[in-house]
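Novice: Pasting query.cif here (mmCIF, C-alpha atoms):
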```
data_input
loop_
_atom_site.group_PDB
_atom_site.id
_atom_site.type_symbol
_atom_site.label_atom_id
_atom_site.label_comp_id
_atom_site.auth_asym_id
_atom_site.auth_seq_id
_atom_site.Cartn_x
_atom_site.Cartn_y
_atom_site.Cartn_z
ATOM 1 C CA MET A 883 -5.743 -7.153 -17.214
ATOM 2 C CA LYS A 884 -3.844 -8.757 -14.341
ATOM 3 C CA LYS A 885 -1.569 -6.415 -12.383
ATOM 4 C CA LYS A 886 2.157 -7.151 -12.288
ATOM 5 C CA ILE A 887 3.023 -7.219 -8.581
ATOM 6 C CA CYS A 888 6.241 -7.661 -6.648
ATOM 7 C CA ILE A 889 6.888 -8.231 -2.980
ATOM 8 C CA CYS A 890 10.062 -6.761 -1.505
ATOM 9 C CA VAL A 891 11.822 -7.773 1.719
ATOM 10 C CA GLY A 892 12.831 -4.802 3.845
ATOM 11 C CA HIS A 893 16.341 -4.392 5.255
ATOM 12 C CA GLY A 894 19.168 -6.934 4.890
ATOM 13 C CA SER A 895 22.059 -4.812 3.650
ATOM 14 C CA ASN A 896 22.976 -1.212 4.273
ATOM 15 C CA ALA A 897 24.546 1.145 1.706
ATOM 16 C CA ASN A 898 28.041 0.160 2.882
ATOM 17 C CA GLY A 899 27.382 -3.559 2.362
ATOM 18 C CA GLY A 900 27.020 -4.445 6.042
ATOM 19 C CA TYR A 901 24.118 -6.320 7.593
ATOM 20 C CA ASP A 902 21.062 -4.211 8.423
ATOM 21 C CA PRO A 903 18.740 -6.337 10.565
ATOM 22 C CA GLY A 904 16.122 -3.626 10.927
ATOM 23 C CA ALA A 905 14.399 -3.768 14.316
ATOM 24 C CA ILE A 906 15.290 -6.516 16.773
ATOM 25 C CA SER A 907 13.106 -8.210 19.404
ATOM 26 C CA LYS A 908 13.644 -7.337 23.060
ATOM 27 C CA ASP A 909 15.499 -10.609 23.688
ATOM 28 C CA GLY A 910 17.676 -10.137 20.585
ATOM 29 C CA LYS A 911 16.621 -13.476 19.066
ATOM 30 C CA TYR A 912 14.470 -12.149 16.220
ATOM 31 C CA HIS A 913 15.534 -9.763 13.462
ATOM 32 C CA GLU A 914 13.084 -7.788 11.365
ATOM 33 C CA HIS A 915 14.774 -8.729 8.092
ATOM 34 C CA ARG A 916 14.685 -12.465 8.811
ATOM 35 C CA LEU A 917 11.010 -12.525 9.774
ATOM 36 C CA ALA A 918 10.024 -10.132 6.976
ATOM 37 C CA LYS A 919 11.778 -12.450 4.529
ATOM 38 C CA LYS A 920 9.617 -15.402 5.585
ATOM 39 C CA ILE A 921 6.424 -13.343 5.502
ATOM 40 C CA ALA A 922 7.345 -11.959 2.066
ATOM 41 C CA GLU A 923 8.101 -15.453 0.729
ATOM 42 C CA TYR A 924 4.595 -16.596 1.668
ATOM 43 C CA ALA A 925 2.964 -13.465 0.224
ATOM 44 C CA ALA A 926 4.867 -13.824 -3.070
ATOM 45 C CA SER A 927 4.095 -17.539 -3.239
ATOM 46 C CA TYR A 928 0.394 -16.891 -2.619
ATOM 47 C CA LEU A 929 0.320 -14.297 -5.405
ATOM 48 C CA ASN A 930 2.746 -16.180 -7.664
ATOM 49 C CA CYS A 931 4.684 -12.946 -8.125
ATOM 50 C CA ASP A 932 8.284 -11.733 -8.032
ATOM 51 C CA LEU A 933 10.150 -11.534 -4.727
ATOM 52 C CA ILE A 934 12.882 -8.900 -4.399
ATOM 53 C CA ASN A 935 15.717 -8.930 -1.838
ATOM 54 C CA GLN A 936 15.081 -12.474 -0.672
ATOM 55 C CA ASP A 937 18.807 -12.927 -0.087
ATOM 56 C CA GLY A 938 19.042 -9.614 1.783
ATOM 57 C CA LYS A 939 21.882 -8.295 -0.370
ATOM 58 C CA LEU A 940 20.138 -5.179 -1.665
ATOM 59 C CA CYS A 941 20.313 -1.915 0.255
ATOM 60 C CA LEU A 942 17.329 0.419 -0.018
ATOM 61 C CA SER A 943 18.557 2.294 -3.109
ATOM 62 C CA LYS A 944 19.263 -0.988 -4.914
ATOM 63 C CA ARG A 945 15.871 -2.423 -3.940
ATOM 64 C CA ILE A 946 14.197 0.680 -5.332
ATOM 65 C CA ALA A 947 16.272 0.469 -8.544
ATOM 66 C CA GLN A 948 15.335 -3.187 -9.028
ATOM 67 C CA VAL A 949 11.641 -2.448 -8.513
ATOM 68 C CA ASN A 950 11.828 0.448 -10.959
ATOM 69 C CA LYS A 951 13.460 -1.759 -13.617
ATOM 70 C CA GLY A 952 10.787 -4.421 -13.257
ATOM 71 C CA ASN A 953 7.885 -2.651 -14.972
ATOM 72 C CA TYR A 954 5.598 -3.483 -12.050
ATOM 73 C CA ASP A 955 2.147 -2.046 -11.431
ATOM 74 C CA PHE A 956 2.351 -2.462 -7.677
ATOM 75 C CA CYS A 957 4.879 -3.301 -4.964
ATOM 76 C CA ALA A 958 4.628 -4.108 -1.268
ATOM 77 C CA ASP A 959 7.688 -3.708 0.990
ATOM 78 C CA ILE A 960 7.455 -6.012 4.016
ATOM 79 C CA HIS A 961 8.636 -4.887 7.468
ATOM 80 C CA LEU A 962 8.027 -5.303 11.179
ATOM 81 C CA ASN A 963 7.429 -2.263 13.344
ATOM 82 C CA ALA A 964 9.105 -1.212 16.594
ATOM 83 C CA GLY A 965 8.718 1.539 19.127
ATOM 84 C CA GLY A 966 6.413 0.180 21.784
ATOM 85 C CA GLY A 967 3.120 -0.129 19.923
ATOM 86 C CA ALA A 968 0.933 -3.055 18.985
ATOM 87 C CA GLY A 969 -0.815 -4.164 15.814
ATOM 88 C CA THR A 970 -0.486 -3.678 12.087
ATOM 89 C CA GLU A 971 -0.309 -0.555 9.931
ATOM 90 C CA VAL A 972 0.467 0.083 6.285
ATOM 91 C CA TYR A 973 1.846 3.255 4.710
ATOM 92 C CA TYR A 974 0.903 4.300 1.187
ATOM 93 C CA TYR A 975 1.717 7.058 -1.309
ATOM 94 C CA HIS A 976 -0.208 10.165 -0.229
ATOM 95 C CA GLY A 977 -1.978 10.755 -3.545
ATOM 96 C CA SER A 978 -2.873 7.185 -4.444
ATOM 97 C CA PRO A 979 -6.396 5.782 -4.111
ATOM 98 C CA THR A 980 -5.027 2.372 -5.171
ATOM 99 C CA GLY A 981 -2.333 2.520 -2.498
ATOM 100 C CA LYS A 982 -4.882 3.540 0.127
ATOM 101 C CA LYS A 983 -7.242 0.712 -0.830
ATOM 102 C CA ALA A 984 -4.411 -1.849 -0.761
ATOM 103 C CA ALA A 985 -3.151 -0.524 2.589
ATOM 104 C CA GLN A 986 -6.647 -0.741 4.108
ATOM 105 C CA GLU A 987 -7.150 -4.304 2.853
ATOM 106 C CA ILE A 988 -3.748 -5.450 4.116
ATOM 107 C CA CYS A 989 -4.408 -4.001 7.582
ATOM 108 C CA LYS A 990 -7.840 -5.613 7.686
ATOM 109 C CA GLU A 991 -6.570 -9.055 6.613
ATOM 110 C CA ILE A 992 -3.544 -9.134 8.929
ATOM 111 C CA SER A 993 -5.648 -7.917 11.866
ATOM 112 C CA LYS A 994 -8.312 -10.553 11.221
ATOM 113 C CA GLU A 995 -5.877 -13.419 10.555
ATOM 114 C CA LEU A 996 -3.486 -12.760 13.451
ATOM 115 C CA GLY A 997 -5.895 -11.213 15.948
ATOM 116 C CA VAL A 998 -3.873 -7.998 16.275
ATOM 117 C CA LYS A 999 -4.989 -4.380 16.424
ATOM 118 C CA ASN A 1000 -5.696 -2.699 13.067
ATOM 119 C CA ARG A 1001 -3.786 0.590 13.311
ATOM 120 C CA GLY A 1002 -4.918 1.496 9.790
ATOM 121 C CA ALA A 1003 -3.732 2.744 6.437
ATOM 122 C CA LYS A 1004 -1.472 5.755 6.912
ATOM 123 C CA VAL A 1005 0.436 8.478 5.134
ATOM 124 C CA LYS A 1006 3.625 9.955 6.590
ATOM 125 C CA LEU A 1007 5.043 13.099 4.984
ATOM 126 C CA ASN A 1008 8.349 14.881 5.480
ATOM 127 C CA ASP A 1009 8.724 18.638 6.052
ATOM 128 C CA LYS A 1010 8.652 19.203 2.264
ATOM 129 C CA GLY A 1011 5.277 17.497 1.885
ATOM 130 C CA LYS A 1012 6.814 14.416 0.256
ATOM 131 C CA ASP A 1013 6.295 10.871 1.421
ATOM 132 C CA TRP A 1014 8.616 10.072 4.337
ATOM 133 C CA PHE A 1015 9.567 6.552 3.282
ATOM 134 C CA GLY A 1016 12.021 6.403 0.388
ATOM 135 C CA PHE A 1017 10.529 3.146 -0.807
ATOM 136 C CA ILE A 1018 7.131 4.787 -1.279
ATOM 137 C CA ARG A 1019 8.492 8.115 -2.531
ATOM 138 C CA LEU A 1020 11.030 6.799 -5.046
ATOM 139 C CA THR A 1021 9.449 3.705 -6.576
ATOM 140 C CA GLU A 1022 7.746 4.156 -9.940
ATOM 141 C CA PRO A 1023 4.910 1.693 -9.359
ATOM 142 C CA CYS A 1024 2.321 2.253 -6.679
ATOM 143 C CA ALA A 1025 3.907 1.024 -3.436
ATOM 144 C CA VAL A 1026 2.988 0.333 0.155
ATOM 145 C CA LEU A 1027 5.176 -0.275 3.180
ATOM 146 C CA VAL A 1028 3.683 -2.995 5.371
ATOM 147 C CA GLU A 1029 4.478 -2.840 9.091
ATOM 148 C CA SER A 1030 3.057 -6.297 9.759
ATOM 149 C CA VAL A 1031 3.301 -6.325 13.594
ATOM 150 C CA PHE A 1032 5.557 -4.899 16.315
ATOM 151 C CA ILE A 1033 8.691 -6.983 16.820
ATOM 152 C CA ASP A 1034 9.287 -5.347 20.221
ATOM 153 C CA ASN A 1035 5.832 -6.333 21.519
ATOM 154 C CA ASN A 1036 5.918 -9.943 22.753
ATOM 155 C CA GLY A 1037 2.203 -10.439 22.077
ATOM 156 C CA ASP A 1038 2.622 -9.358 18.440
ATOM 157 C CA LEU A 1039 5.910 -11.232 18.035
ATOM 158 C CA ASP A 1040 4.338 -14.455 19.281
ATOM 159 C CA LYS A 1041 1.908 -14.275 16.339
ATOM 160 C CA ILE A 1042 4.648 -14.344 13.661
ATOM 161 C CA LYS A 1043 7.819 -15.814 15.160
ATOM 162 C CA THR A 1044 6.968 -19.323 13.931
ATOM 163 C CA GLU A 1045 6.868 -20.601 10.366
ATOM 164 C CA ALA A 1046 3.088 -21.038 10.709
ATOM 165 C CA GLY A 1047 2.714 -17.438 11.898
ATOM 166 C CA CYS A 1048 4.792 -16.090 9.011
ATOM 167 C CA LYS A 1049 2.672 -18.121 6.606
ATOM 168 C CA LYS A 1050 -0.584 -16.752 8.069
ATOM 169 C CA CYS A 1051 0.719 -13.187 7.810
ATOM 170 C CA GLY A 1052 2.134 -13.592 4.299
ATOM 171 C CA GLU A 1053 -1.013 -15.216 2.966
ATOM 172 C CA ALA A 1054 -3.122 -12.483 4.590
ATOM 173 C CA ILE A 1055 -1.085 -9.919 2.637
ATOM 174 C CA GLY A 1056 -1.561 -11.962 -0.534
ATOM 175 C CA ARG A 1057 -5.353 -12.204 -0.052
ATOM 176 C CA ALA A 1058 -5.553 -8.485 0.662
ATOM 177 C CA LEU A 1059 -3.676 -7.568 -2.508
ATOM 178 C CA GLU A 1060 -5.830 -9.952 -4.512
ATOM 179 C CA LYS A 1061 -8.952 -8.159 -3.192
ATOM 180 C CA ALA A 1062 -7.567 -4.657 -3.597
ATOM 181 C CA LEU A 1063 -5.954 -5.063 -7.014
ATOM 182 C CA GLY A 1064 -8.294 -7.618 -8.606
#
```
Would you write the structure of this file as structure tokens?

Specialist:
Amino acid sequence: MKKKICICVGHGSNANGGYDPGAISKDGKYHEHRLAKKIAEYAASYLNCDLINQDGKLCLSKRIAQVNKGNYDFCADIHLNAGGGAGTEVYYYHGSPTGKKAAQEICKEISKELGVKNRGAKVKLNDKGKDWFGFIRLTEPCAVLVESVFIDNNGDLDKIKTEAGCKKCGEAIGRALEKALG
């Protein structure tokens, strides 16, 4: 049986309805939400699956609600990282072998396709032992949060700031999910 997958674009709107760009490049020209949107469009197109928050009008709680209404088997939330690192990493639900496998495949494919460091599949828990990221913790289907590359690292940013780079990254995510989920 084919899995019902959705791709979700991170950021866009905050809970008050204002614009939430996510992280921004050092020169201020590139916004996480805008690049994540392009990457997500290519991933969803590759997989021929639903794309959530393409218009950027859904805050986190509304994105989670839409995913939960969709009867999906799996969801990937697309982001760009910041904080001075380099490479790709993917967070998954701490008790999910499927999430771990998908996260590992996504890291491997993005690293290979873009020539960036594979920082690996990761779990991040809060002080109560719950998953840190609301998207992973509160979605009903298995979910991963993809930190494709670092927007504040010019070497990483150069790999995805063009349409061709976004396509490479998005299709790498699509191939990885195809491998991991069958």

Novice: Between A:Lys885, A:Arg945, A:Ile921, A:Gly900, which has the minimum distance to Thr1021 in chain A (counting all atoms listed in the file)?

Specialist: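 Result for the nearest residue to Thr1021 in chain A: A:Arg945.
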
Novice: Compare A:Glu1045, A:Asp1013, A:Asp932, A:Asp937 by their minimum atom-to-atom distance to Asp955 in chain A, counting only C-alpha atoms, and give me the closest one.

Specialist: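 Counting only C-alpha atoms, the residue closest to Asp955 in chain A is A:Asp932.
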
Novice: Restrict the calculation to all atoms listed in the file, then for each residue of range 900-975 of chain A with any atom at most 9 Å from an atom of range 1028-1032 of chain A give the closest atom pair and their distance in Å to one decimal, rows by chain and rising residue number, as a tab-separated table.

Specialist:
```
residue	atom	partner	partner_atom	distance
A:Ser907	CA	A:Phe1032	CA	8.8
A:Ala918	CA	A:Ser1030	CA	8.4
A:Ile921	CA	A:Ser1030	CA	8.9
A:Ala958	CA	A:Val1028	CA	6.8
A:Asp959	CA	A:Val1028	CA	6.0
A:Ile960	CA	A:Val1028	CA	5.0
A:His961	CA	A:Glu1029	CA	4.9
A:Leu962	CA	A:Glu1029	CA	4.8
A:Asn963	CA	A:Phe1032	CA	4.4
A:Ala964	CA	A:Phe1032	CA	5.1
A:Gly965	CA	A:Phe1032	CA	7.7
A:Gly966	CA	A:Phe1032	CA	7.5
A:Gly967	CA	A:Phe1032	CA	6.5
A:Ala968	CA	A:Phe1032	CA	5.6
A:Gly969	CA	A:Val1031	CA	5.2
A:Thr970	CA	A:Val1031	CA	4.9
A:Glu971	CA	A:Glu1029	CA	5.4
A:Val972	CA	A:Val1028	CA	4.5
A:Tyr973	CA	A:Val1028	CA	6.5
A:Tyr974	CA	A:Val1028	CA	8.9
```

Novice: Once the PyMOL selection byres ((chain A and resi 946) around 10) is applied to the coordinates I shared, what remains selected? I want it as a compact mmCIF listing (two decimals) with C-alpha atoms, keeping the file's coordinate frame.

Specialist:
```
# COMPACT_ATOMS: atom_id res chain seq x y z
CA CYS A 890 10.06 -6.76 -1.50
CA ILE A 934 12.88 -8.90 -4.40
CA LEU A 940 20.14 -5.18 -1.66
CA CYS A 941 20.31 -1.92 0.26
CA LEU A 942 17.33 0.42 -0.02
CA SER A 943 18.56 2.29 -3.11
CA LYS A 944 19.26 -0.99 -4.91
CA ARG A 945 15.87 -2.42 -3.94
CA ALA A 947 16.27 0.47 -8.54
CA GLN A 948 15.34 -3.19 -9.03
CA VAL A 949 11.64 -2.45 -8.51
CA ASN A 950 11.83 0.45 -10.96
CA LYS A 951 13.46 -1.76 -13.62
CA GLY A 1016 12.02 6.40 0.39
CA PHE A 1017 10.53 3.15 -0.81
CA ILE A 1018 7.13 4.79 -1.28
CA ARG A 1019 8.49 8.12 -2.53
CA LEU A 1020 11.03 6.80 -5.05
CA THR A 1021 9.45 3.70 -6.58
CA GLU A 1022 7.75 4.16 -9.94
```

Novice: Please list as a PyMOL selection string every residue within 12 Å of His913 in chain A, counting all atoms listed in the file and excluding residues in the same chain fewer than 4 positions away.

Specialist: chain A and resi 892-894+901-909+917-920+961-964+1032-1034+1039+1042-1043

Novice: For Lys1061 in chain A, which residue among A:Lys990, A:His915, A:His976, A:Lys999 is the nearest when counting only C-alpha atoms?

Specialist: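 Using only C-alpha atoms, Lys1061 in chain A sits closest to A:Lys990.
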
Novice: Nearest to Ile889 in chain A: which of A:Gly1037, A:Leu1063, A:Ile1055, A:Ala985 is it, counting all atoms listed in the file?

Specialist: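 Of all the options, A:Ile1055 lies closest to Ile889 in chain A.
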
Novice: Give me, please, the distance in Å between CA of Ala984 in chain A and CA of Leu1059 in chain A, quoted to one decimal.

Specialist: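 Answer for the CA of Ala984 in chain A to CA of Leu1059 in chain A separation: 6.0 Å.
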